[in-house]
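Colleague: I'd like to ask some things about the structure below.
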Amino acid sequence: MSLARRVVLAALAGSAVTGCGISRRSSAGPSVRTEPAPASAPPASAAPSSAAPSSAASDAPGPAVTPEPAARAVPAAAPTRADLVARLSGTAPSSWGFEPPGAVSSLPAAEQAIALTFDACGGPGGSGYDEALIDELRARRVPATLFLNSRWIGANPDTFQELAADPLFEIGNHGTQHRPLSVDGWSAYGIRGTGDIGEAFDEVAGNQEGLTRLLGRPPAFFRSGTAYYDDVAAQVVTALGARIAGFTVNGDAGATFTADQVRRTVAAAEPGSIVLAHMNHPAGGTARGVAAALPELLGAGQRFVRLSDVAW
Ligand SMILES: [Zn+2]
């Protein structure tokens, strides 16, 4: 098991990935999964503090801006809600977790780079904007993929336009109502998932269609609220032409980590890692932690990419 993998498993053992403000109080404890004991659930592991930070430190700025990501082809005939309800009805889900079929949880082996991803979950308590974090990425010319929820976009329309126009960033779909993606109402972190195939379709397609209008092209990647999926609901994402973005390193545990925890966790990311953190909690430790980790990673020669920069 790689160091990065251990880091994410350790972080997940007692921490959330929601960052939506709903479950922050309880997120210091074990994640709440009220429904089946998932075969793919991460096991408990060592504490995040066991992850040694990179010893290399430098203020050397990194390289950077990469070309505009290639637009992912829109399915020739995207299935409708009724199509998918008919196709998938009667299929019982058999797994529940972060890595459903079709998800990518790390970059291809040949990709010697790190993909930073930041979620903006929206909703009550989750529609903040961590401008300091974005400013830090811009100052160091570090690209990232930003997973935005419909509710966050609605609360931050001007900021959305500014981010979408910046070639440093790729915009991903973080759902319409920020619900775990299930066809049976399974829950994660106390957030009830979508209840059937139609609801799963609505959760993905609502924001996918909105972002396609706003961006002029469909977002290539989707990450559900809480990053949980069952294996049938995951097929809805794939059928709609998006790739499921998992993660390797849980960088801020649902924006609950202190700045030092974020620094140690993010700085330990190895090449090939997809790092998940949040950009909707400006009062949290994420911006300061990332700002401290980036000089270490850049000083060690790490390169950063957006998810669509990668040849999957
Ligand atoms: Zn989220």
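Following the order of the structure tokens, chains are lettered A, B, ..., residues in each are numbered from 1, and ligands are numbered from 1.
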If we count only C-alpha atoms, what is near stretch 235-246 of chain A at a cut-off of 7 Å, once residues fewer than 3 positions away on the same chain are taken out, given as a VMD selection string?
Modeller: chain A and resid 74 to 75 78 to 79 98 to 99 102 to 105 201 204 220 to 223 231 to 232
Colleague: Store the residues of this selection in a file with N, CA and C atoms, as a compact mmCIF listing (two decimals), in the first residue's frame.
Modeller:
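Output saved as again.txt:
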# COMPACT_ATOMS: atom_id res chain seq x y z
N VAL A 74 -19.58 14.64 -25.77
CA VAL A 74 -20.93 14.42 -25.25
C VAL A 74 -21.42 13.11 -25.85
N PRO A 75 -22.07 12.27 -25.05
CA PRO A 75 -22.58 11.03 -25.63
C PRO A 75 -23.46 11.36 -26.83
N ALA A 78 -27.40 11.05 -25.33
CA ALA A 78 -27.42 10.90 -23.88
C ALA A 78 -28.76 10.30 -23.46
N PRO A 79 -28.72 9.29 -22.62
CA PRO A 79 -29.97 8.68 -22.20
C PRO A 79 -30.82 9.65 -21.38
N PHE A 98 -16.47 4.75 -1.75
CA PHE A 98 -15.80 5.80 -2.51
C PHE A 98 -15.31 5.34 -3.88
N GLU A 99 -15.30 4.03 -4.11
CA GLU A 99 -14.68 3.55 -5.34
C GLU A 99 -15.62 2.64 -6.11
N GLY A 102 -15.92 2.29 -12.36
CA GLY A 102 -15.83 3.46 -13.23
C GLY A 102 -15.18 4.66 -12.58
N ALA A 103 -14.95 4.62 -11.27
CA ALA A 103 -14.32 5.75 -10.59
C ALA A 103 -12.81 5.72 -10.79
N VAL A 104 -12.21 6.89 -10.82
CA VAL A 104 -10.76 6.98 -10.81
C VAL A 104 -10.34 7.55 -9.46
N SER A 105 -9.48 6.83 -8.79
CA SER A 105 -9.06 7.25 -7.45
C SER A 105 -7.60 7.68 -7.41
N PHE A 201 -30.44 10.21 -11.19
CA PHE A 201 -30.33 10.93 -12.47
C PHE A 201 -30.45 12.44 -12.23
N VAL A 204 -27.32 14.06 -10.70
CA VAL A 204 -26.19 14.23 -11.63
C VAL A 204 -26.56 15.20 -12.74
N ALA A 220 -16.30 17.24 -17.46
CA ALA A 220 -15.84 15.88 -17.74
C ALA A 220 -15.91 14.98 -16.50
N PHE A 221 -15.91 15.59 -15.33
CA PHE A 221 -15.82 14.79 -14.09
C PHE A 221 -16.97 15.13 -13.14
N PHE A 222 -17.39 14.11 -12.42
CA PHE A 222 -18.44 14.23 -11.41
C PHE A 222 -17.92 13.66 -10.09
N ARG A 223 -18.26 14.34 -9.01
CA ARG A 223 -18.02 13.79 -7.66
C ARG A 223 -19.30 14.06 -6.86
N ASP A 231 -23.07 0.93 -6.60
CA ASP A 231 -22.56 0.55 -7.92
C ASP A 231 -23.59 0.75 -9.03
N VAL A 232 -24.87 0.75 -8.70
CA VAL A 232 -25.89 0.98 -9.73
C VAL A 232 -26.00 2.48 -10.02
Colleague: So that I can see what lies close to A:Ser106, please list as a PyMOL selection string the residues with an atom at most 7 Å from it, counting only C-alpha atoms and leaving out residues fewer than 6 positions away in the same chain.
Modeller: chain A and resi 247-248+272-274
Colleague: For atom CA of A:Ala139 and atom CA of A:Ala291, determine how far apart the two atoms are, in Å to one decimal place.
Modeller: 10.1 Å
Colleague: Can you tell me which residues come within 12 Å of ligand 1 when counting only C-alpha atoms and all ligand atoms, ideally as a ChimeraX atom specification?
Modeller: /A:16-24,117-123,125-127,146-152,172-180,188-189,191,222-228,252-255,276-281
Colleague: Let's have the selection written as a PDB file, in the first residue's frame, with C-alpha atoms.
Modeller:
ATOM      1  CA  ALA A  16     -15.686  13.432   6.840  1.00  0.00           C
ATOM      2  CA  VAL A  17     -15.287  14.426   3.258  1.00  0.00           C
ATOM      3  CA  THR A  18     -18.511  16.355   3.070  1.00  0.00           C
ATOM      4  CA  GLY A  19     -17.484  19.907   3.838  1.00  0.00           C
ATOM      5  CA  CYS A  20     -21.100  20.944   3.483  1.00  0.00           C
ATOM      6  CA  GLY A  21     -21.485  22.315   6.948  1.00  0.00           C
ATOM      7  CA  ILE A  22     -24.279  19.931   7.804  1.00  0.00           C
ATOM      8  CA  SER A  23     -22.267  17.258   9.481  1.00  0.00           C
ATOM      9  CA  ARG A  24     -19.190  19.095  10.639  1.00  0.00           C
ATOM     10  CA  THR A 117      -9.296  18.945  -6.312  1.00  0.00           C
ATOM     11  CA  PHE A 118     -11.395  21.298  -4.206  1.00  0.00           C
ATOM     12  CA  ASP A 119     -15.082  20.786  -3.492  1.00  0.00           C
ATOM     13  CA  ALA A 120     -17.634  23.539  -2.944  1.00  0.00           C
ATOM     14  CA  CYS A 121     -20.631  21.773  -1.426  1.00  0.00           C
ATOM     15  CA  GLY A 122     -23.135  24.602  -1.105  1.00  0.00           C
ATOM     16  CA  GLY A 123     -26.260  24.678   0.987  1.00  0.00           C
ATOM     17  CA  GLY A 125     -23.228  26.517   5.996  1.00  0.00           C
ATOM     18  CA  GLY A 126     -21.523  25.285   2.877  1.00  0.00           C
ATOM     19  CA  SER A 127     -21.676  28.178   0.438  1.00  0.00           C
ATOM     20  CA  LEU A 146     -12.941  22.626  -8.696  1.00  0.00           C
ATOM     21  CA  PHE A 147     -16.018  20.508  -7.958  1.00  0.00           C
ATOM     22  CA  LEU A 148     -18.941  22.890  -7.637  1.00  0.00           C
ATOM     23  CA  ASN A 149     -22.441  22.085  -6.409  1.00  0.00           C
ATOM     24  CA  SER A 150     -25.474  23.771  -7.960  1.00  0.00           C
ATOM     25  CA  ARG A 151     -26.333  25.451  -4.691  1.00  0.00           C
ATOM     26  CA  TRP A 152     -22.844  26.917  -4.340  1.00  0.00           C
ATOM     27  CA  GLY A 172     -16.344  19.623 -12.221  1.00  0.00           C
ATOM     28  CA  ASN A 173     -19.884  18.633 -11.237  1.00  0.00           C
ATOM     29  CA  HIS A 174     -20.430  18.238  -7.468  1.00  0.00           C
ATOM     30  CA  GLY A 175     -24.112  17.434  -7.733  1.00  0.00           C
ATOM     31  CA  THR A 176     -27.358  19.334  -7.628  1.00  0.00           C
ATOM     32  CA  GLN A 177     -28.443  18.899  -3.991  1.00  0.00           C
ATOM     33  CA  HIS A 178     -25.159  17.417  -2.679  1.00  0.00           C
ATOM     34  CA  ARG A 179     -26.537  13.971  -1.998  1.00  0.00           C
ATOM     35  CA  PRO A 180     -24.696  10.664  -1.793  1.00  0.00           C
ATOM     36  CA  ALA A 188     -23.320   8.758   4.365  1.00  0.00           C
ATOM     37  CA  TYR A 189     -22.243  11.156   7.121  1.00  0.00           C
ATOM     38  CA  ILE A 191     -26.860  12.802   4.625  1.00  0.00           C
ATOM     39  CA  PHE A 222     -18.442  14.230 -11.412  1.00  0.00           C
ATOM     40  CA  ARG A 223     -18.024  13.786  -7.664  1.00  0.00           C
ATOM     41  CA  SER A 224     -21.122  13.197  -5.546  1.00  0.00           C
ATOM     42  CA  GLY A 225     -21.843  14.952  -2.288  1.00  0.00           C
ATOM     43  CA  THR A 226     -19.876  12.943   0.350  1.00  0.00           C
ATOM     44  CA  ALA A 227     -18.152  11.061  -2.527  1.00  0.00           C
ATOM     45  CA  TYR A 228     -20.283   7.978  -1.770  1.00  0.00           C
ATOM     46  CA  ASP A 252      -8.818  18.354   4.901  1.00  0.00           C
ATOM     47  CA  ALA A 253     -11.344  15.826   6.225  1.00  0.00           C
ATOM     48  CA  GLY A 254     -14.390  17.783   5.205  1.00  0.00           C
ATOM     49  CA  ALA A 255     -12.696  21.093   6.083  1.00  0.00           C
ATOM     50  CA  LEU A 276      -9.509  16.123  -2.111  1.00  0.00           C
ATOM     51  CA  ALA A 277     -10.036  19.244  -0.012  1.00  0.00           C
ATOM     52  CA  HIS A 278     -12.578  22.045   0.201  1.00  0.00           C
ATOM     53  CA  MET A 279     -12.870  25.614  -1.053  1.00  0.00           C
ATOM     54  CA  ASN A 280     -16.096  26.541   0.733  1.00  0.00           C
ATOM     55  CA  HIS A 281     -14.898  26.997   4.321  1.00  0.00           C
TER      56      HIS A 281
END
Colleague: If we count only C-alpha atoms, what is near A:Glu162 at a cut-off of 12 Å, once residues fewer than 6 positions away on the same chain are taken out, given as a list in words?
Modeller: Glu131, Ile134, Ile153, Asn156, Leu168, Phe169, Glu170, Ile171, Leu214 and Leu215 of chain A
Colleague: Next, dump the selected residues to file, keeping only C-alpha atoms, as an mmCIF file, in the first residue's frame.
Modeller:
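Result written to selection-v1.cif:
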data_model
loop_
_atom_site.group_PDB
_atom_site.id
_atom_site.type_symbol
_atom_site.label_atom_id
_atom_site.label_comp_id
_atom_site.auth_asym_id
_atom_site.auth_seq_id
_atom_site.Cartn_x
_atom_site.Cartn_y
_atom_site.Cartn_z
ATOM 1 C CA GLU A 131 -10.671 33.254 -1.654
ATOM 2 C CA ILE A 134 -7.748 30.330 -4.722
ATOM 3 C CA ILE A 153 -22.944 28.254 -7.892
ATOM 4 C CA ASN A 156 -21.725 32.709 -5.809
ATOM 5 C CA LEU A 168 -5.795 27.543 -14.285
ATOM 6 C CA PHE A 169 -8.971 25.790 -13.174
ATOM 7 C CA GLU A 170 -11.189 23.024 -14.478
ATOM 8 C CA ILE A 171 -14.809 22.944 -13.283
ATOM 9 C CA LEU A 214 -22.673 27.998 -18.223
ATOM 10 C CA LEU A 215 -19.413 26.572 -19.529
#
Colleague: Which is closer to A:Asp260 than all the others in A:Ala115, A:Ala293, A:Ala234, A:Val275, using only C-alpha atoms?
Modeller: A:Ala293
Colleague: Grab the atom CA of A:Thr265 to atom CA of A:Leu163 distance for me, in Å with one decimal place.
Modeller: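 Straight-line distance from atom CA of A:Thr265 to atom CA of A:Leu163 works out to 25.5 Å.
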